[in-house]
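Data file: input27.cif. Format and content: mmCIF, C-alpha atoms; chains and numbers go by the auth columns.
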```
data_upload
loop_
_atom_site.group_PDB
_atom_site.id
_atom_site.type_symbol
_atom_site.label_atom_id
_atom_site.label_comp_id
_atom_site.label_asym_id
_atom_site.label_seq_id
_atom_site.Cartn_x
_atom_site.Cartn_y
_atom_site.Cartn_z
_atom_site.B_iso_or_equiv
_atom_site.auth_seq_id
_atom_site.auth_asym_id
ATOM 1 C CA MET A 1 0.000 0.000 0.000 0.00 197 A
ATOM 2 C CA LYS A 2 1.359 3.410 -0.954 0.00 198 A
ATOM 3 C CA LYS A 3 1.870 6.070 1.672 0.00 199 A
ATOM 4 C CA ASP A 4 -0.804 8.361 0.244 0.00 200 A
ATOM 5 C CA GLU A 5 -3.247 5.452 0.247 0.00 201 A
ATOM 6 C CA LYS A 6 -2.560 4.873 3.929 0.00 202 A
ATOM 7 C CA SER A 7 -3.215 8.522 4.787 0.00 203 A
ATOM 8 C CA ALA A 8 -6.312 8.987 2.625 0.00 204 A
ATOM 9 C CA VAL A 9 -9.684 9.211 4.361 0.00 205 A
ATOM 10 C CA ARG A 10 -11.928 6.628 2.743 0.00 206 A
ATOM 11 C CA ALA A 11 -14.622 6.639 5.436 0.00 207 A
ATOM 12 C CA VAL A 12 -15.844 8.864 8.262 0.00 208 A
ATOM 13 C CA LEU A 13 -17.564 7.231 11.237 0.00 209 A
ATOM 14 C CA PHE A 14 -19.979 9.427 13.182 0.00 210 A
ATOM 15 C CA ASP A 15 -21.150 9.034 16.748 0.00 211 A
ATOM 16 C CA VAL A 16 -24.761 10.190 17.219 0.00 212 A
ATOM 17 C CA ASP A 17 -25.762 11.568 20.619 0.00 213 A
ATOM 18 C CA GLY A 18 -23.945 14.828 21.257 0.00 214 A
ATOM 19 C CA THR A 19 -22.082 14.564 17.948 0.00 215 A
ATOM 20 C CA LEU A 20 -24.730 14.771 15.240 0.00 216 A
ATOM 21 C CA ALA A 21 -27.106 16.679 17.528 0.00 217 A
ATOM 22 C CA ASP A 22 -27.292 17.926 21.110 0.00 218 A
ATOM 23 C CA THR A 23 -29.697 15.142 21.933 0.00 219 A
ATOM 24 C CA GLU A 24 -28.828 14.421 25.535 0.00 220 A
ATOM 25 C CA ARG A 25 -30.076 17.350 27.633 0.00 221 A
ATOM 26 C CA ASP A 26 -33.105 18.325 25.548 0.00 222 A
ATOM 27 C CA GLY A 27 -33.949 15.005 23.892 0.00 223 A
ATOM 28 C CA HIS A 28 -33.084 11.850 25.808 0.00 224 A
ATOM 29 C CA ARG A 29 -33.385 13.362 29.297 0.00 225 A
ATOM 30 C CA PRO A 30 -36.991 14.595 28.824 0.00 226 A
ATOM 31 C CA ALA A 31 -37.853 11.289 27.128 0.00 227 A
ATOM 32 C CA PHE A 32 -36.607 9.347 30.146 0.00 228 A
ATOM 33 C CA ASN A 33 -38.670 11.577 32.444 0.00 229 A
ATOM 34 C CA ALA A 34 -41.775 11.105 30.269 0.00 230 A
ATOM 35 C CA ALA A 35 -41.288 7.326 30.437 0.00 231 A
ATOM 36 C CA PHE A 36 -40.933 7.468 34.218 0.00 232 A
ATOM 37 C CA ARG A 37 -44.224 9.353 34.497 0.00 233 A
ATOM 38 C CA GLU A 38 -45.989 6.965 32.129 0.00 234 A
ATOM 39 C CA LEU A 39 -44.963 3.975 34.243 0.00 235 A
ATOM 40 C CA GLY A 40 -45.965 5.684 37.481 0.00 236 A
ATOM 41 C CA LEU A 41 -42.465 6.367 38.796 0.00 237 A
ATOM 42 C CA ASP A 42 -41.650 9.489 40.801 0.00 238 A
ATOM 43 C CA TRP A 43 -38.137 9.722 39.357 0.00 239 A
ATOM 44 C CA GLU A 44 -36.998 12.997 37.773 0.00 240 A
ATOM 45 C CA TRP A 45 -33.645 13.294 36.024 0.00 241 A
ATOM 46 C CA GLY A 46 -32.600 16.935 36.211 0.00 242 A
ATOM 47 C CA VAL A 47 -29.930 18.498 34.008 0.00 243 A
ATOM 48 C CA GLU A 48 -27.128 18.093 36.549 0.00 244 A
ATOM 49 C CA LEU A 49 -28.027 14.526 37.533 0.00 245 A
ATOM 50 C CA TYR A 50 -28.304 13.483 33.904 0.00 246 A
ATOM 51 C CA GLY A 51 -24.845 14.903 33.252 0.00 247 A
ATOM 52 C CA GLU A 52 -23.523 12.553 35.937 0.00 248 A
ATOM 53 C CA LEU A 53 -25.468 9.593 34.533 0.00 249 A
ATOM 54 C CA LEU A 54 -23.886 10.121 31.115 0.00 250 A
ATOM 55 C CA ALA A 55 -20.720 8.560 32.516 0.00 251 A
ATOM 56 C CA ILE A 56 -22.644 5.315 31.973 0.00 252 A
ATOM 57 C CA THR A 57 -22.968 4.455 28.274 0.00 253 A
ATOM 58 C CA GLY A 58 -26.259 2.952 27.092 0.00 254 A
ATOM 59 C CA GLY A 59 -29.803 3.800 28.148 0.00 255 A
ATOM 60 C CA LYS A 60 -30.670 0.497 29.829 0.00 256 A
ATOM 61 C CA GLU A 61 -27.307 0.495 31.579 0.00 257 A
ATOM 62 C CA ARG A 62 -27.981 4.069 32.737 0.00 258 A
ATOM 63 C CA ILE A 63 -31.320 3.067 34.248 0.00 259 A
ATOM 64 C CA ARG A 64 -29.727 0.144 36.079 0.00 260 A
ATOM 65 C CA HIS A 65 -26.954 2.384 37.425 0.00 261 A
ATOM 66 C CA PHE A 66 -29.548 4.894 38.667 0.00 262 A
ATOM 67 C CA ILE A 67 -31.445 2.132 40.440 0.00 263 A
ATOM 68 C CA ASP A 68 -28.264 0.866 42.084 0.00 264 A
ATOM 69 C CA LYS A 69 -27.366 4.334 43.371 0.00 265 A
ATOM 70 C CA HIS A 70 -30.689 6.113 43.921 0.00 266 A
ATOM 71 C CA ALA A 71 -33.556 3.580 44.018 0.00 267 A
ATOM 72 C CA PRO A 72 -32.132 0.351 45.494 0.00 268 A
ATOM 73 C CA ALA A 73 -35.588 -0.870 46.569 0.00 269 A
ATOM 74 C CA GLU A 74 -36.267 -1.554 42.870 0.00 270 A
ATOM 75 C CA LEU A 75 -33.535 -4.205 42.858 0.00 271 A
ATOM 76 C CA ALA A 76 -36.057 -6.590 44.436 0.00 272 A
ATOM 77 C CA ARG A 77 -38.474 -6.154 41.506 0.00 273 A
ATOM 78 C CA SER A 78 -39.287 -9.461 39.823 0.00 274 A
ATOM 79 C CA GLY A 79 -37.891 -9.676 36.279 0.00 275 A
ATOM 80 C CA LEU A 80 -35.857 -6.504 36.726 0.00 276 A
ATOM 81 C CA ASP A 81 -33.953 -6.778 33.443 0.00 277 A
ATOM 82 C CA ASP A 82 -37.155 -7.228 31.436 0.00 278 A
ATOM 83 C CA TRP A 83 -38.769 -4.325 33.280 0.00 279 A
ATOM 84 C CA ILE A 84 -35.785 -2.077 32.509 0.00 280 A
ATOM 85 C CA ALA A 85 -35.987 -3.095 28.849 0.00 281 A
ATOM 86 C CA ARG A 86 -39.709 -2.199 28.791 0.00 282 A
ATOM 87 C CA LEU A 87 -39.035 1.141 30.472 0.00 283 A
ATOM 88 C CA HIS A 88 -36.309 1.892 27.950 0.00 284 A
ATOM 89 C CA LYS A 89 -38.629 0.996 25.078 0.00 285 A
ATOM 90 C CA VAL A 90 -41.194 3.498 26.366 0.00 286 A
ATOM 91 C CA LYS A 91 -38.450 6.098 26.646 0.00 287 A
ATOM 92 C CA THR A 92 -37.407 5.429 23.035 0.00 288 A
ATOM 93 C CA ARG A 93 -41.007 5.995 21.864 0.00 289 A
ATOM 94 C CA HIS A 94 -41.108 9.384 23.588 0.00 290 A
ATOM 95 C CA TYR A 95 -37.737 10.312 22.083 0.00 291 A
ATOM 96 C CA VAL A 96 -38.761 9.366 18.543 0.00 292 A
ATOM 97 C CA GLU A 97 -41.984 11.361 18.951 0.00 293 A
ATOM 98 C CA ALA A 98 -39.891 14.404 19.908 0.00 294 A
ATOM 99 C CA LEU A 99 -37.760 13.897 16.800 0.00 295 A
ATOM 100 C CA GLU A 100 -40.848 13.683 14.617 0.00 296 A
ATOM 101 C CA ARG A 101 -41.957 17.049 15.997 0.00 297 A
ATOM 102 C CA GLY A 102 -38.658 18.471 14.713 0.00 298 A
ATOM 103 C CA GLY A 103 -37.487 19.467 18.141 0.00 299 A
ATOM 104 C CA ILE A 104 -33.843 18.345 17.839 0.00 300 A
ATOM 105 C CA PRO A 105 -31.752 20.001 15.080 0.00 301 A
ATOM 106 C CA LEU A 106 -28.344 18.864 13.864 0.00 302 A
ATOM 107 C CA ARG A 107 -25.269 20.608 15.224 0.00 303 A
ATOM 108 C CA PRO A 108 -23.460 23.234 13.105 0.00 304 A
ATOM 109 C CA GLY A 109 -21.656 21.794 10.101 0.00 305 A
ATOM 110 C CA VAL A 110 -23.023 18.256 10.338 0.00 306 A
ATOM 111 C CA ALA A 111 -25.421 18.322 7.376 0.00 307 A
ATOM 112 C CA ARG A 112 -22.938 20.227 5.210 0.00 308 A
ATOM 113 C CA LEU A 113 -20.072 17.824 5.950 0.00 309 A
ATOM 114 C CA ILE A 114 -22.206 14.723 5.346 0.00 310 A
ATOM 115 C CA ARG A 115 -23.256 16.047 1.944 0.00 311 A
ATOM 116 C CA GLN A 116 -19.668 16.967 1.032 0.00 312 A
ATOM 117 C CA LEU A 117 -18.435 13.510 1.988 0.00 313 A
ATOM 118 C CA ARG A 118 -21.067 11.905 -0.222 0.00 314 A
ATOM 119 C CA GLU A 119 -20.119 14.182 -3.137 0.00 315 A
ATOM 120 C CA ALA A 120 -16.467 13.181 -2.655 0.00 316 A
ATOM 121 C CA ASN A 121 -17.383 9.460 -2.669 0.00 317 A
ATOM 122 C CA ILE A 122 -16.091 9.051 0.874 0.00 318 A
ATOM 123 C CA LYS A 123 -18.021 6.419 2.796 0.00 319 A
ATOM 124 C CA ILE A 124 -20.020 7.504 5.825 0.00 320 A
ATOM 125 C CA ALA A 125 -21.053 5.334 8.752 0.00 321 A
ATOM 126 C CA ILE A 126 -22.708 5.500 12.154 0.00 322 A
ATOM 127 C CA ALA A 127 -21.054 3.976 15.229 0.00 323 A
ATOM 128 C CA THR A 128 -23.275 4.307 18.276 0.00 324 A
ATOM 129 C CA THR A 129 -24.881 2.196 20.969 0.00 325 A
ATOM 130 C CA THR A 130 -28.089 4.217 21.025 0.00 326 A
ATOM 131 C CA THR A 131 -31.057 2.329 19.572 0.00 327 A
ATOM 132 C CA PRO A 132 -31.554 2.006 15.800 0.00 328 A
ATOM 133 C CA GLU A 133 -34.918 3.778 16.150 0.00 329 A
ATOM 134 C CA ASN A 134 -33.190 6.797 17.677 0.00 330 A
ATOM 135 C CA VAL A 135 -30.684 6.933 14.839 0.00 331 A
ATOM 136 C CA THR A 136 -33.136 6.632 11.971 0.00 332 A
ATOM 137 C CA GLY A 137 -35.563 9.007 13.673 0.00 333 A
ATOM 138 C CA LEU A 138 -32.914 11.702 13.994 0.00 334 A
ATOM 139 C CA LEU A 139 -31.655 11.253 10.436 0.00 335 A
ATOM 140 C CA LYS A 140 -35.127 11.314 8.883 0.00 336 A
ATOM 141 C CA SER A 141 -36.267 14.348 10.874 0.00 337 A
ATOM 142 C CA THR A 142 -33.194 16.404 9.987 0.00 338 A
ATOM 143 C CA LEU A 143 -31.793 15.175 6.657 0.00 339 A
ATOM 144 C CA GLY A 144 -34.858 13.694 4.976 0.00 340 A
ATOM 145 C CA GLU A 145 -36.832 10.476 4.801 0.00 341 A
ATOM 146 C CA ASP A 146 -34.279 8.666 2.628 0.00 342 A
ATOM 147 C CA SER A 147 -31.188 9.795 4.534 0.00 343 A
ATOM 148 C CA PRO A 148 -30.568 6.555 6.491 0.00 344 A
ATOM 149 C CA GLY A 149 -29.809 5.012 3.111 0.00 345 A
ATOM 150 C CA TRP A 150 -26.978 7.488 2.581 0.00 346 A
ATOM 151 C CA PHE A 151 -24.884 5.653 5.174 0.00 347 A
ATOM 152 C CA ASP A 152 -22.812 2.690 4.079 0.00 348 A
ATOM 153 C CA VAL A 153 -23.049 1.120 7.534 0.00 349 A
ATOM 154 C CA ILE A 154 -25.202 1.946 10.547 0.00 350 A
ATOM 155 C CA GLY A 155 -23.943 0.311 13.718 0.00 351 A
ATOM 156 C CA ALA A 156 -26.472 0.919 16.498 0.00 352 A
ATOM 157 C CA GLY A 157 -28.097 -0.696 19.501 0.00 353 A
ATOM 158 C CA ASP A 158 -27.196 -3.921 21.257 0.00 354 A
ATOM 159 C CA ILE A 159 -25.423 -5.539 18.310 0.00 355 A
ATOM 160 C CA VAL A 160 -22.153 -5.708 20.254 0.00 356 A
ATOM 161 C CA PRO A 161 -21.578 -6.832 23.852 0.00 357 A
ATOM 162 C CA GLY A 162 -19.424 -3.929 25.015 0.00 358 A
ATOM 163 C CA LYS A 163 -20.622 -0.332 25.100 0.00 359 A
ATOM 164 C CA LYS A 164 -18.237 2.615 24.726 0.00 360 A
ATOM 165 C CA PRO A 165 -15.487 3.105 25.962 0.00 361 A
ATOM 166 C CA GLU A 166 -15.099 -0.479 24.726 0.00 362 A
ATOM 167 C CA PRO A 167 -14.220 -0.411 21.006 0.00 363 A
ATOM 168 C CA ASP A 168 -16.686 -3.162 20.006 0.00 364 A
ATOM 169 C CA ILE A 169 -19.040 -0.967 17.942 0.00 365 A
ATOM 170 C CA TYR A 170 -16.142 0.531 15.986 0.00 366 A
ATOM 171 C CA HIS A 171 -14.699 -2.895 15.240 0.00 367 A
ATOM 172 C CA TRP A 172 -18.158 -4.009 14.052 0.00 368 A
ATOM 173 C CA VAL A 173 -18.530 -1.024 11.717 0.00 369 A
ATOM 174 C CA LEU A 174 -14.981 -1.247 10.356 0.00 370 A
ATOM 175 C CA ASP A 175 -15.460 -4.932 9.619 0.00 371 A
ATOM 176 C CA ARG A 176 -18.583 -4.198 7.579 0.00 372 A
ATOM 177 C CA LEU A 177 -16.965 -1.278 5.787 0.00 373 A
ATOM 178 C CA GLY A 178 -14.105 -3.591 4.852 0.00 374 A
ATOM 179 C CA LEU A 179 -11.577 -0.857 5.612 0.00 375 A
ATOM 180 C CA PRO A 180 -8.612 -0.636 7.977 0.00 376 A
ATOM 181 C CA PRO A 181 -8.793 2.023 10.707 0.00 377 A
ATOM 182 C CA GLU A 182 -5.808 3.796 9.114 0.00 378 A
ATOM 183 C CA GLN A 183 -8.085 4.834 6.241 0.00 379 A
ATOM 184 C CA CYS A 184 -10.920 6.036 8.441 0.00 380 A
ATOM 185 C CA LEU A 185 -11.679 8.921 10.784 0.00 381 A
ATOM 186 C CA ALA A 186 -14.075 9.035 13.740 0.00 382 A
ATOM 187 C CA ILE A 187 -16.045 12.050 14.960 0.00 383 A
ATOM 188 C CA GLU A 188 -17.037 11.942 18.636 0.00 384 A
ATOM 189 C CA ASP A 189 -18.107 14.304 21.415 0.00 385 A
ATOM 190 C CA SER A 190 -17.251 12.449 24.628 0.00 386 A
ATOM 191 C CA GLU A 191 -14.309 10.938 26.453 0.00 387 A
ATOM 192 C CA ASN A 192 -15.958 7.494 26.379 0.00 388 A
ATOM 193 C CA GLY A 193 -16.457 7.801 22.635 0.00 389 A
ATOM 194 C CA LEU A 194 -12.888 8.958 22.078 0.00 390 A
ATOM 195 C CA ARG A 195 -11.508 6.062 24.133 0.00 391 A
ATOM 196 C CA ALA A 196 -13.569 3.605 22.058 0.00 392 A
ATOM 197 C CA ALA A 197 -12.397 5.082 18.758 0.00 393 A
ATOM 198 C CA LEU A 198 -8.746 5.213 19.809 0.00 394 A
ATOM 199 C CA ALA A 199 -8.885 1.617 21.036 0.00 395 A
ATOM 200 C CA ALA A 200 -10.093 0.651 17.564 0.00 396 A
ATOM 201 C CA GLY A 201 -7.099 2.431 16.027 0.00 397 A
ATOM 202 C CA LEU A 202 -9.043 5.416 14.665 0.00 398 A
ATOM 203 C CA ASP A 203 -7.820 8.986 14.416 0.00 399 A
ATOM 204 C CA THR A 204 -10.566 11.017 16.043 0.00 400 A
ATOM 205 C CA VAL A 205 -11.999 14.519 15.825 0.00 401 A
ATOM 206 C CA VAL A 206 -13.852 15.651 18.943 0.00 402 A
ATOM 207 C CA THR A 207 -16.620 18.248 18.821 0.00 403 A
ATOM 208 C CA VAL A 208 -17.500 18.977 22.443 0.00 404 A
ATOM 209 C CA SER A 209 -21.065 19.209 23.730 0.00 405 A
ATOM 210 C CA ASP A 210 -22.439 20.997 26.786 0.00 406 A
ATOM 211 C CA TYR A 211 -22.040 17.868 28.871 0.00 407 A
ATOM 212 C CA THR A 212 -18.554 16.878 27.678 0.00 408 A
ATOM 213 C CA ARG A 213 -16.536 20.064 27.214 0.00 409 A
ATOM 214 C CA PHE A 214 -14.485 19.526 30.389 0.00 410 A
ATOM 215 C CA GLN A 215 -13.679 15.846 29.812 0.00 411 A
ATOM 216 C CA ASP A 216 -10.232 14.454 29.017 0.00 412 A
ATOM 217 C CA PHE A 217 -9.634 14.338 25.264 0.00 413 A
ATOM 218 C CA THR A 218 -6.006 13.266 25.301 0.00 414 A
ATOM 219 C CA GLY A 219 -5.228 11.487 22.052 0.00 415 A
ATOM 220 C CA ALA A 220 -7.725 13.323 19.849 0.00 416 A
ATOM 221 C CA ARG A 221 -6.339 14.697 16.584 0.00 417 A
ATOM 222 C CA VAL A 222 -8.150 17.959 17.273 0.00 418 A
ATOM 223 C CA VAL A 223 -10.831 19.185 19.688 0.00 419 A
ATOM 224 C CA LEU A 224 -13.337 21.661 18.250 0.00 420 A
ATOM 225 C CA SER A 225 -16.365 23.530 19.517 0.00 421 A
ATOM 226 C CA ASP A 226 -18.332 22.038 16.587 0.00 422 A
ATOM 227 C CA LEU A 227 -17.805 21.327 12.889 0.00 423 A
ATOM 228 C CA GLY A 228 -18.382 24.968 11.996 0.00 424 A
ATOM 229 C CA GLU A 229 -20.035 26.784 9.124 0.00 425 A
ATOM 230 C CA PRO A 230 -18.709 29.555 6.853 0.00 426 A
ATOM 231 C CA ALA A 231 -20.962 31.998 8.721 0.00 427 A
ATOM 232 C CA GLN A 232 -20.341 30.336 12.105 0.00 428 A
ATOM 233 C CA PRO A 233 -16.669 29.248 12.382 0.00 429 A
ATOM 234 C CA PHE A 234 -15.625 26.652 14.907 0.00 430 A
ATOM 235 C CA THR A 235 -13.297 27.361 17.829 0.00 431 A
ATOM 236 C CA VAL A 236 -10.205 25.168 18.145 0.00 432 A
ATOM 237 C CA LEU A 237 -10.032 24.017 21.766 0.00 433 A
ATOM 238 C CA LYS A 238 -7.037 21.702 21.396 0.00 434 A
ATOM 239 C CA GLY A 239 -4.718 21.049 18.488 0.00 435 A
ATOM 240 C CA ASP A 240 -3.135 23.097 15.736 0.00 436 A
ATOM 241 C CA GLN A 241 -5.762 23.709 13.082 0.00 437 A
ATOM 242 C CA PRO A 242 -5.609 27.279 11.698 0.00 438 A
ATOM 243 C CA ASN A 243 -8.270 26.251 9.182 0.00 439 A
ATOM 244 C CA ARG A 244 -10.745 28.733 7.757 0.00 440 A
ATOM 245 C CA GLY A 245 -13.138 27.718 10.493 0.00 441 A
ATOM 246 C CA TRP A 246 -15.235 24.820 9.257 0.00 442 A
ATOM 247 C CA ALA A 247 -14.565 21.124 8.837 0.00 443 A
ATOM 248 C CA ASP A 248 -14.591 19.938 5.245 0.00 444 A
ATOM 249 C CA VAL A 249 -13.023 17.137 3.210 0.00 445 A
ATOM 250 C CA GLU A 250 -9.790 19.096 2.847 0.00 446 A
ATOM 251 C CA LEU A 251 -9.417 19.494 6.607 0.00 447 A
ATOM 252 C CA LEU A 252 -10.129 15.825 7.269 0.00 448 A
ATOM 253 C CA MET A 253 -7.488 14.816 4.745 0.00 449 A
ATOM 254 C CA LYS A 254 -4.961 17.093 6.457 0.00 450 A
ATOM 255 C CA LEU A 255 -5.670 15.390 9.753 0.00 451 A
ATOM 256 C CA LYS A 256 -4.518 12.076 8.258 0.00 452 A
ATOM 257 C CA THR A 257 -1.169 13.379 6.966 0.00 453 A
#
```
As structure tokens, please, write out the structure in this file.
Amino acid sequence: MKKDEKSAVRAVLFDVDGTLADTERDGHRPAFNAAFRELGLDWEWGVELYGELLAITGGKERIRHFIDKHAPAELARSGLDDWIARLHKVKTRHYVEALERGGIPLRPGVARLIRQLREANIKIAIATTTTPENVTGLLKSTLGEDSPGWFDVIGAGDIVPGKKPEPDIYHWVLDRLGLPPEQCLAIEDSENGLRAALAAGLDTVVTVSDYTRFQDFTGARVVLSDLGEPAQPFTVLKGDQPNRGWADVELLMKLKT
């Protein structure tokens, strides 16, 4: 393999929550609270508490962690795992309904970059452990009904045993892309996501979200406020990228050289 072939970006792998859209605080959190009310629970996940719960990757895992720490009496519930799965399914319905109302826009630069990557014949993929319904709901509500078909691979849900920061989902996506990590780039927003991508051998761009901006992003190729737009340039938080202020194919290629 030639050197330029090794450094070329042939695929970009996107995380979803916090990366494509600021879904956590104003999307998933209210959906969890709506599910709690529907099932007669008096739980309420405020903004600060939810920020702490985000250290646990995966919605069902987050519920179980909350029970362990804040509602231990529920541990005696018969069929606890099935009950958590049902609760999470109700939460997902509320989240998808919010997406269908158009309440969760994409972050700056996301739609533009996805379209540019497609025009450049660079593969695009999703690598997330949020549910497939959440992924397709977000894509359809923001990019159009046919947009899930734009992605060469969508890795989502419980298709792998280990959630981020384990690299399982990235390995799964790379295997189906048929590409080595050296020819791919990941875009993440969290420390857990970065650790997963790095463990899979991926160079990674981090675009921080409200919940993650103070996390440890050691190892990222660059840390940005967002992907930027010509009229809304990004801020470089870590790394040397005196770019014109928005992420495009040219910038991603530079990151691989």
I'd like the interatomic distance between CA of Asp406 (chain A) and CA of Cys380 (chain A), to a tenth of an Å.
26.3 Å
Which polymer residues, protein or nucleic acid, are no farther than 7 Å from (-36.5, 7.7, 17.1), counting all atoms listed in the file, as a ChimeraX atom specification?
/A:288-289,291-293,295,329-334
For region 312-327 of chain A, please output as a ChimeraX atom specification all residues within 8 Å (counting all atoms listed in the file; exclusion window: fewer than 2 positions along the same chain).
/A:205-213,253-255,288,308-310,329-331,346-354,359-360,365-366,369,444-445
How would you write, as a PyMOL selection string, the residues chosen by the PyMOL selection byres ((chain A and resi 258) around 12) on this structure?
chain A and resi 224-225+228+241+245-257+259-266+280-281+283-284+326+359
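Compared by their closest atoms to Leu390 (chain A), and using all atoms listed in the file, the residues A:Leu373, A:Ala416, A:Leu433, A:Ala307 rank with A:Ala416 nearest.
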As a JSON list (two decimals), keeping the file's coordinate frame, please: region 307-325 of chain A completed to N, CA, C and O atoms.
```
[["chain", "number", "residue", "atom", "x", "y", "z"],
["A", 307, "ALA", "N", -24.75, 18.60, 8.65],
["A", 307, "ALA", "CA", -25.42, 18.32, 7.38],
["A", 307, "ALA", "C", -24.52, 18.67, 6.20],
["A", 307, "ALA", "O", -24.42, 17.91, 5.22],
["A", 308, "ARG", "N", -23.83, 19.80, 6.29],
["A", 308, "ARG", "CA", -22.94, 20.23, 5.21],
["A", 308, "ARG", "C", -21.82, 19.21, 5.00],
["A", 308, "ARG", "O", -21.54, 18.82, 3.86],
["A", 309, "LEU", "N", -21.18, 18.77, 6.08],
["A", 309, "LEU", "CA", -20.07, 17.82, 5.95],
["A", 309, "LEU", "C", -20.55, 16.48, 5.39],
["A", 309, "LEU", "O", -19.88, 15.88, 4.53],
["A", 310, "ILE", "N", -21.68, 16.00, 5.86],
["A", 310, "ILE", "CA", -22.21, 14.72, 5.35],
["A", 310, "ILE", "C", -22.43, 14.81, 3.85],
["A", 310, "ILE", "O", -22.06, 13.90, 3.09],
["A", 311, "ARG", "N", -23.00, 15.90, 3.38],
["A", 311, "ARG", "CA", -23.26, 16.05, 1.94],
["A", 311, "ARG", "C", -21.94, 16.15, 1.16],
["A", 311, "ARG", "O", -21.82, 15.58, 0.07],
["A", 312, "GLN", "N", -20.96, 16.85, 1.71],
["A", 312, "GLN", "CA", -19.67, 16.97, 1.03],
["A", 312, "GLN", "C", -18.96, 15.62, 0.94],
["A", 312, "GLN", "O", -18.33, 15.30, -0.07],
["A", 313, "LEU", "N", -19.06, 14.83, 2.00],
["A", 313, "LEU", "CA", -18.43, 13.51, 1.99],
["A", 313, "LEU", "C", -19.07, 12.62, 0.92],
["A", 313, "LEU", "O", -18.38, 11.90, 0.21],
["A", 314, "ARG", "N", -20.38, 12.69, 0.81],
["A", 314, "ARG", "CA", -21.07, 11.90, -0.22],
["A", 314, "ARG", "C", -20.63, 12.34, -1.62],
["A", 314, "ARG", "O", -20.38, 11.51, -2.50],
["A", 315, "GLU", "N", -20.53, 13.66, -1.83],
["A", 315, "GLU", "CA", -20.12, 14.18, -3.14],
["A", 315, "GLU", "C", -18.70, 13.75, -3.48],
["A", 315, "GLU", "O", -18.36, 13.57, -4.66],
["A", 316, "ALA", "N", -17.86, 13.59, -2.45],
["A", 316, "ALA", "CA", -16.47, 13.18, -2.66],
["A", 316, "ALA", "C", -16.30, 11.66, -2.70],
["A", 316, "ALA", "O", -15.17, 11.17, -2.75],
["A", 317, "ASN", "N", -17.41, 10.93, -2.65],
["A", 317, "ASN", "CA", -17.38, 9.46, -2.67],
["A", 317, "ASN", "C", -16.59, 8.88, -1.50],
["A", 317, "ASN", "O", -15.91, 7.85, -1.64],
["A", 318, "ILE", "N", -16.67, 9.57, -0.36],
["A", 318, "ILE", "CA", -16.09, 9.05, 0.87],
["A", 318, "ILE", "C", -17.21, 8.38, 1.66],
["A", 318, "ILE", "O", -18.28, 8.95, 1.85],
["A", 319, "LYS", "N", -16.99, 7.15, 2.09],
["A", 319, "LYS", "CA", -18.02, 6.42, 2.80],
["A", 319, "LYS", "C", -18.36, 7.09, 4.12],
["A", 319, "LYS", "O", -17.49, 7.70, 4.76],
["A", 320, "ILE", "N", -19.61, 6.99, 4.53],
["A", 320, "ILE", "CA", -20.02, 7.50, 5.82],
["A", 320, "ILE", "C", -20.72, 6.39, 6.59],
["A", 320, "ILE", "O", -21.40, 5.54, 6.02],
["A", 321, "ALA", "N", -20.50, 6.39, 7.91],
["A", 321, "ALA", "CA", -21.05, 5.33, 8.75],
["A", 321, "ALA", "C", -21.45, 5.91, 10.11],
["A", 321, "ALA", "O", -21.01, 7.00, 10.49],
["A", 322, "ILE", "N", -22.29, 5.17, 10.79],
["A", 322, "ILE", "CA", -22.71, 5.50, 12.15],
["A", 322, "ILE", "C", -22.13, 4.45, 13.09],
["A", 322, "ILE", "O", -22.20, 3.24, 12.80],
["A", 323, "ALA", "N", -21.57, 4.89, 14.21],
["A", 323, "ALA", "CA", -21.05, 3.98, 15.23],
["A", 323, "ALA", "C", -21.56, 4.45, 16.59],
["A", 323, "ALA", "O", -20.98, 5.35, 17.20],
["A", 324, "THR", "N", -22.65, 3.86, 17.04],
["A", 324, "THR", "CA", -23.28, 4.31, 18.28],
["A", 324, "THR", "C", -23.92, 3.11, 18.98],
["A", 324, "THR", "O", -24.20, 2.09, 18.34],
["A", 325, "THR", "N", -24.15, 3.24, 20.26],
["A", 325, "THR", "CA", -24.88, 2.20, 20.97],
["A", 325, "THR", "C", -26.25, 2.68, 21.39],
["A", 325, "THR", "O", -26.94, 2.03, 22.18]]
```
